[in-house]
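Participant: Pasting query_2.txt here (compact mmCIF, C-alpha atoms):
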```txt
# COMPACT_ATOMS: atom_id res chain seq x y z
CA MET R 1 -5.78 4.27 42.74
CA ASN R 2 -3.50 6.38 40.53
CA LYS R 3 -5.13 6.54 37.07
CA ALA R 4 -1.70 6.75 35.44
CA TRP R 5 -1.06 3.11 36.28
CA ALA R 6 -3.93 1.89 34.14
CA LEU R 7 -2.82 4.15 31.31
CA LEU R 8 0.75 2.92 31.51
CA ARG R 9 -0.50 -0.64 31.58
CA LEU R 10 -2.50 -0.16 28.39
CA ALA R 11 0.39 1.51 26.54
CA SER R 12 3.06 -0.87 27.82
CA PRO R 13 4.91 -3.11 25.32
CA GLN R 14 4.46 -5.80 27.98
CA LEU R 15 0.75 -5.96 27.15
CA PRO R 16 0.62 -9.49 25.69
CA ILE R 17 -0.93 -8.72 22.31
CA GLY R 18 2.13 -9.08 20.06
CA GLY R 19 2.35 -5.56 18.68
CA TYR R 20 6.15 -5.82 18.62
CA SER R 21 5.84 -8.57 15.98
CA TYR R 22 4.67 -6.22 13.22
CA SER R 23 6.29 -3.38 11.31
CA GLN R 24 3.25 -2.09 9.36
CA GLY R 25 5.23 -1.84 6.15
CA LEU R 26 8.23 -0.06 7.68
CA GLU R 27 10.51 -3.08 7.27
CA MET R 28 9.78 -3.10 3.54
CA ALA R 29 10.35 0.66 3.35
CA VAL R 30 13.82 0.04 4.79
CA GLU R 31 14.40 -2.87 2.40
CA HIS R 32 13.53 -0.66 -0.59
CA ALA R 33 15.71 2.22 0.72
CA VAL R 34 12.73 4.53 1.13
CA VAL R 35 13.82 4.82 4.76
CA THR R 36 17.60 4.95 5.10
CA ASP R 37 18.39 7.25 8.02
CA PRO R 38 16.74 9.17 10.89
CA SER R 39 15.65 11.96 8.55
CA SER R 40 13.83 9.72 6.08
CA ALA R 41 12.46 7.67 8.99
CA GLY R 42 10.99 10.82 10.49
CA ARG R 43 9.32 11.66 7.17
CA TRP R 44 7.83 8.17 6.85
CA ILE R 45 6.48 8.11 10.40
CA GLY R 46 5.31 11.73 10.24
CA ASP R 47 3.39 11.08 7.03
CA GLN R 48 1.84 8.02 8.62
CA LEU R 49 0.76 10.04 11.62
CA LEU R 50 -0.75 13.02 9.82
CA LEU R 51 -1.98 11.51 6.54
CA ASN R 52 -3.26 8.16 7.77
CA LEU R 53 -3.63 7.79 11.52
CA ALA R 54 -4.94 11.30 12.21
CA ARG R 55 -7.50 11.07 9.40
CA PHE R 56 -8.79 7.54 9.89
CA GLU R 57 -7.22 5.12 12.36
CA ALA R 58 -7.15 7.52 15.33
CA PRO R 59 -10.67 8.99 15.02
CA LEU R 60 -12.07 5.51 14.42
CA LEU R 61 -10.32 4.20 17.54
CA LEU R 62 -11.57 7.17 19.54
CA ALA R 63 -15.11 6.43 18.39
CA HIS R 64 -14.67 2.82 19.57
CA CYS R 65 -13.49 3.96 22.99
CA THR R 66 -16.32 6.49 23.35
CA ALA R 67 -18.98 3.95 22.38
CA ALA R 68 -17.58 1.39 24.83
CA ALA R 69 -17.45 3.94 27.66
CA GLU R 70 -21.06 4.98 26.97
CA GLU R 71 -22.29 1.37 26.62
CA ASN R 72 -23.50 2.11 23.11
CA TRP R 73 -23.16 -1.49 22.01
CA ALA R 74 -24.98 -1.10 18.68
CA SER R 75 -22.63 1.70 17.64
CA LEU R 76 -19.60 -0.25 18.86
CA LEU R 77 -20.61 -3.25 16.76
CA GLN R 78 -20.99 -1.08 13.67
CA LEU R 79 -17.64 0.60 14.28
CA SER R 80 -15.98 -2.77 14.75
CA GLU R 81 -17.29 -3.97 11.40
CA GLN R 82 -16.08 -0.76 9.77
CA HIS R 83 -12.63 -1.24 11.24
CA ARG R 84 -12.46 -4.87 10.12
CA ALA R 85 -13.51 -3.97 6.57
CA SER R 86 -10.93 -1.18 6.36
CA ARG R 87 -7.88 -3.46 6.49
CA GLU R 88 -6.51 -2.98 2.97
CA THR R 89 -4.16 -5.97 2.87
CA ARG R 90 -4.13 -9.50 4.16
CA GLU R 91 -1.16 -8.63 6.36
CA LEU R 92 -2.92 -5.69 8.03
CA HIS R 93 -6.07 -7.78 8.48
CA LEU R 94 -4.21 -10.63 10.15
CA GLU R 95 -2.28 -8.22 12.37
CA SER R 96 -5.43 -6.55 13.67
CA ARG R 97 -7.22 -9.89 14.08
CA GLN R 98 -4.35 -11.51 15.97
CA MET R 99 -3.93 -8.56 18.33
CA GLY R 100 -7.69 -8.33 18.84
CA TYR R 101 -7.85 -12.04 19.64
CA SER R 102 -5.01 -11.67 22.15
CA LEU R 103 -6.82 -8.77 23.83
CA GLN R 104 -10.01 -10.85 23.94
CA GLN R 105 -8.20 -13.69 25.72
CA LEU R 106 -6.62 -11.23 28.14
CA LEU R 107 -9.89 -9.47 28.95
CA ASN R 108 -11.80 -12.72 29.43
CA GLY R 109 -9.33 -13.67 32.15
CA LEU R 110 -9.44 -10.35 34.01
CA PRO R 111 -11.90 -9.45 36.76
CA GLU R 112 -12.08 -5.76 35.76
CA LEU R 113 -14.23 -6.32 32.66
CA ASP R 114 -17.84 -5.77 33.70
CA GLN R 115 -20.68 -8.08 32.68
CA PRO R 116 -22.25 -5.90 29.94
CA ALA R 117 -18.88 -5.60 28.18
CA ARG R 118 -18.15 -9.28 28.74
CA ASP R 119 -21.51 -10.25 27.22
CA PHE R 120 -20.85 -8.01 24.21
CA LEU R 121 -17.38 -9.45 23.66
CA GLN R 122 -18.75 -12.98 23.69
CA GLN R 123 -20.95 -12.10 20.71
CA ILE R 124 -17.99 -11.13 18.52
CA ASP R 125 -16.54 -13.96 16.46
CA GLU R 126 -13.51 -12.06 15.23
CA PRO R 127 -12.60 -9.07 17.43
CA HIS R 128 -10.04 -6.70 16.00
CA LEU R 129 -7.54 -4.47 17.72
CA ALA R 130 -9.65 -1.31 17.98
CA LEU R 131 -12.50 -3.18 19.66
CA GLY R 132 -10.23 -4.92 22.13
CA TRP R 133 -8.47 -1.65 22.92
CA ALA R 134 -11.77 0.11 23.60
CA LEU R 135 -12.98 -2.65 25.92
CA ALA R 136 -9.64 -2.70 27.76
CA ALA R 137 -9.95 1.06 28.26
CA ARG R 138 -13.47 0.55 29.62
CA ALA R 139 -12.32 -2.26 31.93
CA TRP R 140 -9.53 -0.13 33.37
CA GLN R 141 -11.67 3.05 33.47
CA ILE R 142 -9.46 4.99 31.09
CA ASP R 143 -10.91 8.10 29.48
CA PRO R 144 -11.35 7.70 25.67
CA GLN R 145 -8.95 10.58 24.97
CA ASP R 146 -6.32 9.02 27.20
CA ALA R 147 -6.90 5.64 25.56
CA LEU R 148 -6.30 7.26 22.18
CA ALA R 149 -3.10 8.87 23.46
CA ALA R 150 -1.92 5.49 24.77
CA TRP R 151 -2.60 3.87 21.40
CA LEU R 152 -0.77 6.60 19.48
CA TRP R 153 2.20 6.33 21.83
CA SER R 154 2.35 2.54 21.56
CA TRP R 155 2.21 2.84 17.75
CA LEU R 156 5.09 5.31 17.71
CA GLU R 157 7.14 3.29 20.18
CA ASN R 158 6.73 0.19 18.05
CA GLN R 159 7.77 2.01 14.87
CA LEU R 160 10.93 3.24 16.60
CA ALA R 161 11.65 -0.29 17.81
CA VAL R 162 11.36 -1.49 14.21
CA LEU R 163 13.89 1.12 13.12
CA MET R 164 16.36 0.08 15.82
CA LYS R 165 16.27 -3.46 14.44
CA THR R 166 16.29 -2.72 10.72
CA LEU R 167 18.29 0.43 9.94
CA PRO R 168 19.82 0.03 12.55
CA LEU R 169 19.03 3.05 14.67
CA GLY R 170 20.77 3.53 18.01
CA GLN R 171 18.88 4.21 21.20
CA GLN R 172 20.08 7.82 21.50
CA ALA R 173 19.14 8.51 17.88
CA ALA R 174 15.73 6.95 18.54
CA GLN R 175 15.23 9.27 21.49
CA ARG R 176 16.16 12.31 19.39
CA LEU R 177 13.68 11.16 16.76
CA THR R 178 11.06 10.75 19.48
CA SER R 179 11.56 14.38 20.51
CA GLU R 180 11.04 15.46 16.90
CA LEU R 181 7.91 13.35 16.45
CA LEU R 182 6.07 14.04 19.71
CA PRO R 183 4.59 17.34 18.42
CA LEU R 184 3.23 15.43 15.42
CA LEU R 185 1.77 12.85 17.77
CA GLN R 186 -0.05 15.65 19.56
CA ASP R 187 -1.21 17.10 16.24
CA ALA R 188 -2.55 13.70 15.21
CA GLN R 189 -4.57 13.36 18.41
CA HIS R 190 -5.94 16.89 18.09
CA HIS R 191 -6.96 16.38 14.46
CA ALA R 192 -8.56 13.03 15.24
CA THR R 193 -10.57 14.62 18.04
CA GLU R 194 -11.78 17.57 15.99
CA LEU R 195 -12.52 15.68 12.77
CA ASP R 196 -16.17 15.46 11.70
CA PRO R 197 -17.14 11.75 11.67
CA GLU R 198 -18.46 12.18 8.14
CA HIS R 199 -14.96 13.13 6.98
CA ILE R 200 -13.13 10.17 8.50
CA GLY R 201 -11.07 8.42 5.86
CA SER R 202 -7.67 8.15 4.22
CA ALA R 203 -6.04 6.58 1.18
CA ALA R 204 -2.64 5.38 2.34
CA PHE R 205 -1.51 3.84 -0.94
CA GLY R 206 2.16 3.78 0.04
CA LEU R 207 1.40 1.88 3.22
CA SER R 208 -0.79 -0.62 1.36
CA LEU R 209 1.87 -1.25 -1.28
CA ALA R 210 4.58 -1.64 1.37
CA SER R 211 2.36 -4.05 3.30
CA MET R 212 1.61 -6.16 0.22
CA ALA R 213 5.28 -6.27 -0.74
CA HIS R 214 6.25 -7.23 2.81
CA GLU R 215 4.19 -10.40 2.54
CA ARG R 216 6.61 -11.54 -0.19
CA GLN R 217 9.83 -10.15 1.27
CA TYR R 218 12.51 -12.84 1.06
CA SER R 219 14.01 -12.30 4.50
CA ARG R 220 12.23 -10.39 7.27
CA LEU R 221 12.27 -9.91 11.01
CA PHE R 222 8.57 -9.05 11.38
CA ARG R 223 5.42 -11.03 10.79
CA SER R 224 3.33 -10.85 7.66
```
When written as structure tokens, how does the structure in this file appear?
Facilitator:
Amino acid sequence: MNKAWALLRLASPQLPIGGYSYSQGLEMAVEHAVVTDPSSAGRWIGDQLLLNLARFEAPLLLAHCTAAAEENWASLLQLSEQHRASRETRELHLESRQMGYSLQQLLNGLPELDQPARDFLQQIDEPHLALGWALAARAWQIDPQDALAAWLWSWLENQLAVLMKTLPLGQQAAQRLTSELLPLLQDAQHHATELDPEHIGSAAFGLSLASMAHERQYSRLFRS
């Protein structure tokens, strides 16, 4: 079977986990005129990629995927707890929990998840997104690096979809912005791969403030 199909399946917006429902603070950045056009949108997303995802979210997700592939269940449990504790705001916590729950329901109904992974998943009361993503990658035999690439792509695609609904940003402008951001996406994956586990961490204050403010935004398109 062509391995690209499993990878495309994992990265697809049709994966029923509700990622399209969240903006991760970007809607509030638009509301406060921090993001007003393609140029400022590129800066916001680029900063997210290199200052937050590349330093923390991406290496942590890669560690999840590696532990799941190697059946290192003790390490995977510890990583899952670390990921759950790292959600700075109620909004980010609920987003990760909801998407993790949706992935759990999906995986439980699929024949590809093997018994060791199924047994491990049953022990988790509150799976979060990174854990579900890692177990999906294991079920579909996706290499951890490829699983990380799929996650980074799905994150970027969702951010661009948010922009098309809130700025608004046209489809051609979104594609031009994609071309500008793809090198940063590659840089983020490379940095996440090379980063010493002891140095994993970030302090994304702007994201946290935007997320907290979004919970109280009067009118919004995306969930909080």
Participant: Could you tell me how far CA of Gly25 (chain R) lies from CA of Trp153 (chain R), in Å and to one decimal?
Facilitator: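 About the pair CA of Gly25 (chain R) and CA of Trp153 (chain R): they are 17.9 Å apart.
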Participant: List the residues sitting within 7 Å of (-0.3, 2.6, 6.0) in the file's frame, using all atoms listed in the file, as an MDAnalysis selection string.
Facilitator: chainID R and resid 24 48 52 204 206:208
Participant: My list of candidates is R:Met28, R:Leu92, R:Cys65, R:Ala150. Which is closest to Leu15 (chain R) when distances are computed with only C-alpha atoms?
Facilitator: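 Among the listed residues, R:Ala150 lies closest to Leu15 (chain R).
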Participant: In terms of the shortest atom-to-atom distance over all atoms listed in the file, which of R:Leu195, R:Ala68, R:Gly42, R:Leu77 is closest to Gln175 (chain R)?
Facilitator: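 The shortest atom-to-atom distance to Gln175 (chain R) comes from R:Gly42.
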Participant: Up to 10 Å from (-18.2, -0.9, 21.5) in the file's coordinates: name the residues, counting all atoms listed in the file, as a list in words.
Facilitator: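 Checked against the point, the hits come out as Ala63, His64, Cys65, Thr66, Ala67, Ala68, Ala69, Glu70, Glu71, Asn72, Trp73, Ala74, Ser75, Leu76, Leu77, Gln78, Leu79, Ser80, Ala117, Phe120, Leu121, Ala130, Leu131, Gly132, Trp133, Ala134, Leu135 and Arg138 of chain R.
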Participant: For the interface of region 25-120 of chain R with region 157-173 of chain R (cut-off 9 Å, counting all atoms listed in the file), please tabulate each contacting residue of region 25-120 of chain R alongside its nearest pair of atoms and their separation in Å to one decimal, rows sorted by chain and increasing number, as JSON lines.
Facilitator:
```
{"residue": "R:Leu26", "atom": "CA", "partner": "R:Val162", "partner_atom": "CA", "distance": 7.4}
{"residue": "R:Glu27", "atom": "CA", "partner": "R:Thr166", "partner_atom": "CA", "distance": 6.7}
{"residue": "R:Val30", "atom": "CA", "partner": "R:Leu167", "partner_atom": "CA", "distance": 6.8}
{"residue": "R:Glu31", "atom": "CA", "partner": "R:Thr166", "partner_atom": "CA", "distance": 8.5}
{"residue": "R:Val35", "atom": "CA", "partner": "R:Leu167", "partner_atom": "CA", "distance": 8.1}
{"residue": "R:Thr36", "atom": "CA", "partner": "R:Leu167", "partner_atom": "CA", "distance": 6.7}
{"residue": "R:Asp37", "atom": "CA", "partner": "R:Leu167", "partner_atom": "CA", "distance": 7.1}
{"residue": "R:Pro38", "atom": "CA", "partner": "R:Ala173", "partner_atom": "CA", "distance": 7.4}
{"residue": "R:Ala41", "atom": "CA", "partner": "R:Leu163", "partner_atom": "CA", "distance": 7.9}
{"residue": "R:Ile45", "atom": "CA", "partner": "R:Gln159", "partner_atom": "CA", "distance": 7.7}
```
Participant: Rounded to one decimal place, report the CA of Arg90 (chain R)-CA of Glu126 (chain R) distance in Å.
Facilitator: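 Between these atoms lies a distance of 14.7 Å.
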Participant: Could you jot down the CA of Arg176 (chain R) to CA of Leu51 (chain R) separation for me, Å, one decimal place?
Facilitator: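 The value is 22.2 Å.
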Participant: Between R:Ile124, R:Leu148, R:Ala136, R:Ala29, which one has atoms that come closest to Gln189 (chain R), using all atoms listed in the file?
Facilitator: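 Looking only at the distances to Gln189 (chain R), the closest residue turns out to be R:Leu148.
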Participant: Counting all atoms listed in the file, which of R:Glu95, R:Leu50, R:Leu209, R:Gln141 gets nearest to Pro183 (chain R)?
Facilitator: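 Of R:Glu95, R:Leu50, R:Leu209, R:Gln141, the one nearest Pro183 (chain R) is R:Leu50, counting all atoms listed in the file.
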